[in-house]
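Have a look at the structure below, then the notes.
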Amino acid sequence: MIFNFFLGFFTKKPIIDIDYLLTHRDKFFIIDLRSRQEFFDSHIVLDTKARTMNIPFTFFNKLWVSLIRFKRKRILLYGSNSKDVFYAYKLLKKKGFLVFMLKGGFLAYKKKMYF
């Protein structure tokens with residue numbers, strides 16, 4: 001768990017696992033890249049300190065600028081498609097954001113919380 005977090009500082013793809021997220025929930029602003037319907041059906045809800053915003057990947061190229069106000073926060077991306085998440089990661093990283101990806105995506109969260 002901790003290893004994955006520190007691994008992110010030494011690789012080009014910082015990855016946070018669900019256990020680290022659950023114990024450090026207040027350190028991240030969470031972006032869900034799935035469709036609006038998938039977000040409304042279910043999304044990561046940790047507590048009132050950790051906020052989750054939905055920006056569907058299909059609109060990400062146009063809407064990423066809405067994240068400028070969170071540029072100094074740690075942003076955690078997740079979705080149902082790792083290619084989409086990595087694309088969004090690269091875009092935000094290039095723009096100077098401190099950005100991470102959730103290992104296993106939303107499925108990892110569902111498995112941890114519901115099973």
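Every chain in the structure tokens takes a letter, A first, then B, and so on in the order presented; its residues are numbered from 1, and the ligands are numbered from 1 following the presented order.
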Practice task
Could you give me, as a list in words, the residues within 8 Å of Lys71 (chain A), counting only C-alpha atoms and dropping anything in the same chain fewer than 4 positions from it?
Solution key: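 Answer for this query is Leu67, Gly96, Phe97 and Leu98 of chain A.
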Residues of the last selection are to be written out with C-alpha atoms, as a CSV table (one decimal), in the first residue's frame.
chain,number,residue,atom,x,y,z
A,67,LEU,CA,-9.9,22.3,-12.3
A,96,GLY,CA,1.5,21.5,-13.9
A,97,PHE,CA,-1.1,19.7,-11.7
A,98,LEU,CA,-0.1,17.3,-8.9
Handout entry: Near-Gly79 (chain A) list (6 Å; only C-alpha atoms; drop same-chain fewer than 6 positions) as a list in words
Key =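 That gives Asp32, Leu33, Arg34, Gly105 and Phe106 of chain A.
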Write the residues of the preceding selection, restricted to C-alpha atoms, as a compact mmCIF listing (two decimals), in the first residue's frame.
# COMPACT_ATOMS: atom_id res chain seq x y z
CA ASP A 32 -14.49 10.58 -11.77
CA LEU A 33 -14.02 10.27 -15.55
CA ARG A 34 -16.96 7.94 -16.13
CA GLY A 105 -10.24 2.31 -10.86
CA PHE A 106 -13.79 2.35 -9.60
Handout entry: Residue nearest Asp84 (chain A) - candidates A:Ile30, A:Asp17, A:Lys112, A:Phe59, atoms counted: only C-alpha atoms
Key =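 Of A:Ile30, A:Asp17, A:Lys112, A:Phe59, the one nearest Asp84 (chain A) is A:Phe59, counting only C-alpha atoms.
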Problem - Best match for closeness to Lys62 (chain A) among A:Leu91, A:Leu46, A:Asp41, A:Pro14, counting only C-alpha atoms - result: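 With only C-alpha atoms as the atom set, the closest residue is A:Leu91.
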Exercise for the section: Kindly give the distance, in Å, that separates CA of Asn61 (chain A) and CA of Phe100 (chain A), rounded to a single decimal. Expected result: 17.7 Å
Practice task
Using backbone DSSP assignments, extract all alpha helix (DSSP H) residues from chain A; output them as number ranges by chain.
Solution key: A: 2-10, 18-23, 36-41, 60-63, 82-94, 105-114
Could you turn the residues from that selection into a file that holds C-alpha atoms, as an mmCIF file, in the first residue's frame?
data_model
loop_
_atom_site.group_PDB
_atom_site.id
_atom_site.type_symbol
_atom_site.label_atom_id
_atom_site.label_comp_id
_atom_site.auth_asym_id
_atom_site.auth_seq_id
_atom_site.Cartn_x
_atom_site.Cartn_y
_atom_site.Cartn_z
ATOM 1 C CA ILE A 2 2.569 2.606 1.069
ATOM 2 C CA PHE A 3 4.974 1.195 -1.505
ATOM 3 C CA ASN A 4 2.554 2.052 -4.328
ATOM 4 C CA PHE A 5 2.298 5.628 -3.087
ATOM 5 C CA PHE A 6 6.072 6.115 -2.917
ATOM 6 C CA LEU A 7 6.507 4.291 -6.212
ATOM 7 C CA GLY A 8 4.502 7.125 -7.738
ATOM 8 C CA PHE A 9 7.216 9.613 -6.846
ATOM 9 C CA PHE A 10 9.844 7.615 -8.739
ATOM 10 C CA ILE A 18 -7.549 2.029 -2.555
ATOM 11 C CA ASP A 19 -6.146 1.287 0.920
ATOM 12 C CA TYR A 20 -3.934 4.368 0.809
ATOM 13 C CA LEU A 21 -6.855 6.474 -0.417
ATOM 14 C CA LEU A 22 -9.096 5.274 2.403
ATOM 15 C CA THR A 23 -6.526 6.136 5.064
ATOM 16 C CA ARG A 36 -22.702 11.177 -15.851
ATOM 17 C CA GLN A 37 -25.120 8.257 -15.540
ATOM 18 C CA GLU A 38 -22.427 5.988 -14.065
ATOM 19 C CA PHE A 39 -21.478 8.770 -11.637
ATOM 20 C CA PHE A 40 -25.074 9.292 -10.498
ATOM 21 C CA ASP A 41 -25.592 5.537 -10.121
ATOM 22 C CA PHE A 60 -12.429 16.256 -20.513
ATOM 23 C CA ASN A 61 -10.486 18.144 -23.212
ATOM 24 C CA LYS A 62 -12.910 21.067 -22.877
ATOM 25 C CA LEU A 63 -13.663 20.933 -19.142
ATOM 26 C CA SER A 82 -7.395 2.923 -17.832
ATOM 27 C CA LYS A 83 -6.498 4.446 -21.219
ATOM 28 C CA ASP A 84 -8.833 7.385 -20.590
ATOM 29 C CA VAL A 85 -7.495 7.861 -17.069
ATOM 30 C CA PHE A 86 -3.900 7.850 -18.300
ATOM 31 C CA TYR A 87 -4.713 10.377 -21.045
ATOM 32 C CA ALA A 88 -6.311 12.724 -18.483
ATOM 33 C CA TYR A 89 -3.324 12.164 -16.175
ATOM 34 C CA LYS A 90 -0.857 13.148 -18.917
ATOM 35 C CA LEU A 91 -2.838 16.270 -19.824
ATOM 36 C CA LEU A 92 -3.083 17.514 -16.233
ATOM 37 C CA LYS A 93 0.543 16.628 -15.474
ATOM 38 C CA LYS A 94 1.653 18.607 -18.533
ATOM 39 C CA GLY A 105 -10.235 2.309 -10.860
ATOM 40 C CA PHE A 106 -13.793 2.348 -9.597
ATOM 41 C CA LEU A 107 -13.872 -1.440 -9.502
ATOM 42 C CA ALA A 108 -11.202 -1.447 -6.762
ATOM 43 C CA TYR A 109 -13.379 0.891 -4.683
ATOM 44 C CA LYS A 110 -16.505 -1.256 -5.194
ATOM 45 C CA LYS A 111 -14.658 -4.427 -4.235
ATOM 46 C CA LYS A 112 -13.266 -2.824 -1.083
ATOM 47 C CA MET A 113 -16.492 -1.200 0.051
ATOM 48 C CA TYR A 114 -19.126 -3.758 -0.924
#
Exercise for the section: Provide the CA of Phe28 (chain A) to CA of Leu77 (chain A) distance in Å, to one decimal place. Expected result: 9.7 Å
Handout entry: Among the residues A:Met53, A:Leu76, A:Val45, A:Val65, the one that comes closest to Lys103 (chain A) [using only C-alpha atoms]
Key =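 Answer, going by the shortest atom-to-atom distance: A:Leu76.
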Practice task
Could you check how far CA of Arg51 (chain A) sits from CA of Ile16 (chain A), in Å to one decimal?
Solution key: 16.4 Å
Practice task
Would you return as a list of chain:residue names the members of region 12-103 of chain A that DSSP assigns to strand (DSSP E or B) on this structure's backbone?
Solution key: A:Ile15, A:Ile16, A:Phe28, A:Phe29, A:Ile30, A:Ile31, A:Asp32, A:Thr52, A:Met53, A:Asn54, A:Arg74, A:Ile75, A:Leu76, A:Leu77, A:Tyr78, A:Leu98, A:Val99, A:Phe100, A:Met101, A:Leu102
Write a file of the selected residues as an mmCIF file, in the first residue's frame, keeping C-alpha atoms.
data_model
loop_
_atom_site.group_PDB
_atom_site.id
_atom_site.type_symbol
_atom_site.label_atom_id
_atom_site.label_comp_id
_atom_site.auth_asym_id
_atom_site.auth_seq_id
_atom_site.Cartn_x
_atom_site.Cartn_y
_atom_site.Cartn_z
ATOM 1 C CA ILE A 15 -0.555 5.235 -8.723
ATOM 2 C CA ILE A 16 -2.495 5.269 -5.442
ATOM 3 C CA PHE A 28 -7.137 14.248 -2.427
ATOM 4 C CA PHE A 29 -9.610 15.985 -4.703
ATOM 5 C CA ILE A 30 -11.178 13.132 -6.674
ATOM 6 C CA ILE A 31 -12.186 13.250 -10.348
ATOM 7 C CA ASP A 32 -14.490 10.580 -11.772
ATOM 8 C CA THR A 52 -15.589 13.837 -5.857
ATOM 9 C CA MET A 53 -16.333 15.672 -9.105
ATOM 10 C CA ASN A 54 -17.590 14.126 -12.322
ATOM 11 C CA ARG A 74 -3.558 16.479 -5.052
ATOM 12 C CA ILE A 75 -5.946 15.314 -7.751
ATOM 13 C CA LEU A 76 -6.851 11.642 -7.963
ATOM 14 C CA LEU A 77 -8.313 10.358 -11.237
ATOM 15 C CA TYR A 78 -10.381 7.234 -11.706
ATOM 16 C CA LEU A 98 -0.135 17.265 -8.920
ATOM 17 C CA VAL A 99 -2.089 14.296 -10.211
ATOM 18 C CA PHE A 100 -2.416 10.605 -9.346
ATOM 19 C CA MET A 101 -4.386 7.616 -10.646
ATOM 20 C CA LEU A 102 -6.394 5.100 -8.613
#
